[in-house]
Amino acid sequence: MPLEFSVQSKQRVERLLSRYPTKQAALLPVLHVAQEEFGHLPDDVIELVSRTLDLTPAHIYGVVTFYTMFHREKKGRHELMVCTNISCMLKGGYGILKHIEGRLGIKAGETTPDGAFSIVEEECLAACANAPMMICGDHYFLDLTPEKVDVVLDELRKRFREDPKNDQKTEKSVPLSRTLFGVGPGGEKV
Amino acid sequence: MAATWQELKGANVKIVTKNFGVAESHKLGVYQQRGGYEALRRALTLQPAALVDEVKKSNLRGRGGAGFPTGMKWSFIPKDAKLVYLVVNADESEPGTCKDRELLAYDPHMLLEGMLIASYALGCKHAYIYIRGEMMREAKIVQGAIDEAYAAGWLGKDHPAVGGGGAFKLDITLHRGAGAYICGEETGLLNSLEGKRGWPRLKPPFPAIKGLFNAPTVVNNVETIMNIPEIVTKGGDWFAGLGMGKSGGTRIVCVSGHVNKPGVFELPMGITFRDLIYDVCGGIPNGRQLKGVIPGGSSMPPLDASELDVPCEFDALMNDPRIKDVEVRPGVAFDLGGGRKLKTMAGSGGIVVFDDSTDIVALCARIMQFYAHESCGQCTPCREGSGWLSRVCKRLARGEGEAGDVELLANIANGIGGNTICALGDAAAWPMLGFLTKFRADFEARIKPKTIGIPAAAKGEAA
């Protein structure tokens, strides 16, 4: 049986296709949908996207391997994207990365054996005024110290233990995320 | 000359950050309560050509990095074009830059209103926002705002009472990138939006003639477009008058690194680096001295401590005689083409301050590592040269530099600059040459003294 999208993903793909004049233009968004559903983009997923958008697998492979956010290999449930670019470097970003690597027992680019965490050494993530920083899911962890990192790792580890099957990548209400002006985009005090 | 920066024109004016700190500022209701979408109503009573003229008059310059006059960019769209695209570049990834992410999170409706006005002026019916893939939180906020604007009829419905006669209707689609710095280059972005690798295109043809899906296209930065509603409300002359010289409006800077109060600030265009660093940002922490400043994202040559009295304005950073020319070797200026000399540029407003404890060579090596990682691989000088710069810089940073390495770095950088399809090659070459020009001694100090191999036995030691 060739791989198929879920009904929900199929609807998302249909909606995406209606936003572009060519099928090819929907490739990046459709790959995001595919990666959210299947976790990563191995050959059978590329083949599925190829059938969906009438593109050659070779073209899709070229695109997948060009962009750093598309993964050919399975990643951990919590992907810690740690910035070490200049603003973070000047404020101790490499120390933070080293601390995380030490705590998790893996290096940047690796995944913990239980599948809970992956570490990615990232380029500038556009939160330079709050360096050092990292992103996990749609959450920004700013003005990091090793102590703050420990709180975040403990919390994320707890969530993974409680519900290891939950593939939901979005992290909600993890503490220590704040924005520059003390008020979050939802108006909440942070 | 004003005595303090607070007396400069535009010192008390907030345009794109005016709703920062307001509760729920990203919601349509709050935005409209604070006068949002009124500028669109006014714009729709004017002729599209009159709007383009107003933006020309405003001296608004592109805030993404190049500082190109926005009105002029708009006027390149052929008058008889049937299909025109507007694409907003929200792929903020220039190291040291964190303004667009904040702008998107706090005021997405100001962006949408600016896009509606720009689309009406340009004749665009479907506009795209290309947002950086990593900005998942911002993508949700912007998509939420787009959904609200559709529900309220600002998007997807005909707007009556149009000055130009016919009805005007706009669709906006948010398009997420997937992690590639090169997609911030406008033609790389267009290829990415078309479902390809983000390889920059050869120019000409420029996007205004042949852009997205081969149609005439304008690509503008988030902050650039967010200035449009205020220009329509208060007029191009007002906006031009706020600024300095040929740069209208205010200046958004993102200050990071070794300062007491880093942050994103909307300031008068004419503020100097000294006032910005020592007054607005509270100076250098831990009693340290400033060593240098990157004035506009890591692509731009740095300033040293003697060059801080220059304003953050676009032309000043390119031409002010107080800034030294970037050199290929001592006494020989780098040639930008036609004998033009390079000082630095205002770039994306990403200002990175570093103190006298900073390992300049390691900092420069990190910048080169970035460009080597992000080079798309199309052009040989950039693909090979950026990696070579990174390797030699790292060798120096480890204290294992060889005699001639400093000259080697300058030669490689000089071989990249101006010889590639897009500006990423220059973005690696310029700071390399800039760091060598301003901090040459730091690099030379990392060259390992050559030891002459005398056999141990000859020195009288036991073999």
# chains A, B, ... in the order shown; residues from 1 in each chain; ligands from 1
call {"tool": "residues_around", "arguments": {"residues": "Ala180 of chain B", "least_positions_apart": "3", "cutoff": "7 Å", "atoms": "only C-alpha atoms", "output": "PyMOL selection string"}}
result
(chain A and resi 67-68) or (chain B and resi 183+374)
call {"tool": "write_last_selection", "arguments": {"atoms": "C-alpha atoms", "output": "compact mmCIF listing (two decimals), in the first residue's frame"}}
result
# COMPACT_ATOMS: atom_id res chain seq x y z
CA TYR A 67 16.50 23.60 3.70
CA THR A 68 17.71 22.92 7.24
CA CYS B 183 15.96 33.06 0.98
CA GLU B 374 24.59 29.56 4.29
call {"tool": "interface_residues", "arguments": {"of": "chain B", "to": "chain A", "cutoff": "8 Å", "atoms": "only C-alpha atoms", "output": "PyMOL selection string"}}
result
chain B and resi 20-26+92-99+101+105-106+133-137+173+175-180+192-198+254-258+262-264+352+354+358+363+366-367+370
call {"tool": "closest_residue", "arguments": {"among": "A:Glu4, A:Glu37, A:Asp114, A:Glu79", "to": "Ser50 of chain A", "atoms": "only C-alpha atoms"}}
result
A:Glu4
call {"tool": "residues_around", "arguments": {"residues": "Val310 of chain B", "least_positions_apart": "4", "cutoff": "12 Å", "atoms": "only C-alpha atoms", "output": "JSON, numbers by chain"}}
result
{"B": [269, 270, 271, 272, 273, 274, 275, 276, 293, 295, 303, 304, 305, 306, 314, 315, 316, 317, 318, 319, 320, 321, 322, 323, 324, 343, 344, 345, 346]}
call {"tool": "select_by_dssp", "arguments": {"residues": "segment 109-175 of chain A", "states": "helix (DSSP H, G or I)", "output": "ChimeraX atom specification"}}
result
/A:128-130,146-162
call {"tool": "atom_distance", "arguments": {"atom1": "atom CA of Ser348 of chain B", "atom2": "atom CA of Gly418 of chain B"}}
result
20.0 Å
call {"tool": "residues_around", "arguments": {"residues": "Gln8 of chain A", "least_positions_apart": "4", "cutoff": "12 Å", "atoms": "only C-alpha atoms", "output": "list of chain:residue names"}}
result
A:Glu4, A:Arg12, A:Val13, A:Glu14, A:Arg15, A:Val33, A:Ala34, A:Glu36, A:Glu37
call {"tool": "closest_residue", "arguments": {"among": "A:Ile96, A:Val7, A:Glu147, A:Lys74", "to": "His40 of chain A", "atoms": "only C-alpha atoms"}}
result
A:Lys74
call {"tool": "residues_around", "arguments": {"residues": "segment 3-11 of chain B", "least_positions_apart": "4", "cutoff": "7 Å", "atoms": "only C-alpha atoms", "output": "list in words"}}
result
Leu242, Gly243, Thr250, Leu267, Pro268, Ile271 and Asp275 of chain B
call {"tool": "atom_distance", "arguments": {"atom1": "atom CA of Met368 of chain B", "atom2": "atom CA of Ala397 of chain B"}}
result
12.0 Å
call {"tool": "atom_distance", "arguments": {"atom1": "atom CA of Tyr278 of chain B", "atom2": "atom CA of Gly297 of chain B"}}
result
19.5 Å
call {"tool": "select_by_dssp", "arguments": {"residues": "chain A", "states": "strand (DSSP E or B)", "output": "list in words"}}
result
His78, Glu79, Leu80, Met81, Val82, Cys83, Thr111, Phe117, Ser118, Ile119, Val120, Glu121, Glu122, Met134, Ile135, Cys136, His139, Tyr140, Phe141, Val183 and Lys189 of chain A
call {"tool": "closest_residue", "arguments": {"among": "B:Asn221, B:Ser247, B:Gln47, B:Ser58", "to": "Tyr128 of chain B", "atoms": "only C-alpha atoms"}}
result
B:Asn221
call {"tool": "residues_around", "arguments": {"residues": "Ala423 of chain B", "least_positions_apart": "4", "cutoff": "12 Å", "atoms": "only C-alpha atoms", "output": "PyMOL selection string"}}
result
chain B and resi 65-66+181-188+200-203+299-300+371+375-376+379+381-382+416-419+427-430
call {"tool": "write_last_selection", "arguments": {"atoms": "C-alpha atoms", "output": "JSON list (two decimals), in the first residue's frame"}}
result
[["chain", "number", "residue", "atom", "x", "y", "z"],
["B", 65, "GLY", "CA", 19.46, 45.85, 4.20],
["B", 66, "ALA", "CA", 20.10, 47.61, 0.92],
["B", 181, "TYR", "CA", 19.42, 32.44, 5.07],
["B", 182, "ILE", "CA", 19.76, 32.84, 1.32],
["B", 183, "CYS", "CA", 15.96, 33.06, 0.98],
["B", 184, "GLY", "CA", 16.20, 36.57, 2.44],
["B", 185, "GLU", "CA", 17.84, 37.56, -0.87],
["B", 186, "GLU", "CA", 14.88, 38.70, -2.92],
["B", 187, "THR", "CA", 15.30, 36.45, -5.96],
["B", 188, "GLY", "CA", 16.27, 33.46, -3.78],
["B", 200, "PRO", "CA", 19.26, 33.62, -6.29],
["B", 201, "ARG", "CA", 18.61, 34.56, -9.90],
["B", 202, "LEU", "CA", 20.83, 36.47, -12.28],
["B", 203, "LYS", "CA", 19.78, 40.10, -12.63],
["B", 299, "SER", "CA", 27.44, 41.42, 6.62],
["B", 300, "MET", "CA", 28.61, 44.95, 7.27],
["B", 371, "TYR", "CA", 28.39, 32.52, 5.55],
["B", 375, "SER", "CA", 26.27, 29.88, 0.88],
["B", 376, "CYS", "CA", 23.82, 28.32, -1.58],
["B", 379, "CYS", "CA", 28.86, 30.48, -7.51],
["B", 381, "PRO", "CA", 33.93, 32.24, -5.46],
["B", 382, "CYS", "CA", 31.33, 32.23, -2.68],
["B", 416, "ILE", "CA", 34.76, 36.92, -3.75],
["B", 417, "GLY", "CA", 33.56, 40.53, -3.55],
["B", 418, "GLY", "CA", 31.61, 41.57, -6.64],
["B", 419, "ASN", "CA", 32.10, 38.23, -8.38],
["B", 427, "ALA", "CA", 28.31, 39.68, 2.80],
["B", 428, "ALA", "CA", 31.20, 37.36, 3.64],
["B", 429, "ALA", "CA", 33.94, 39.37, 1.95],
["B", 430, "TRP", "CA", 33.06, 42.82, 3.30]]
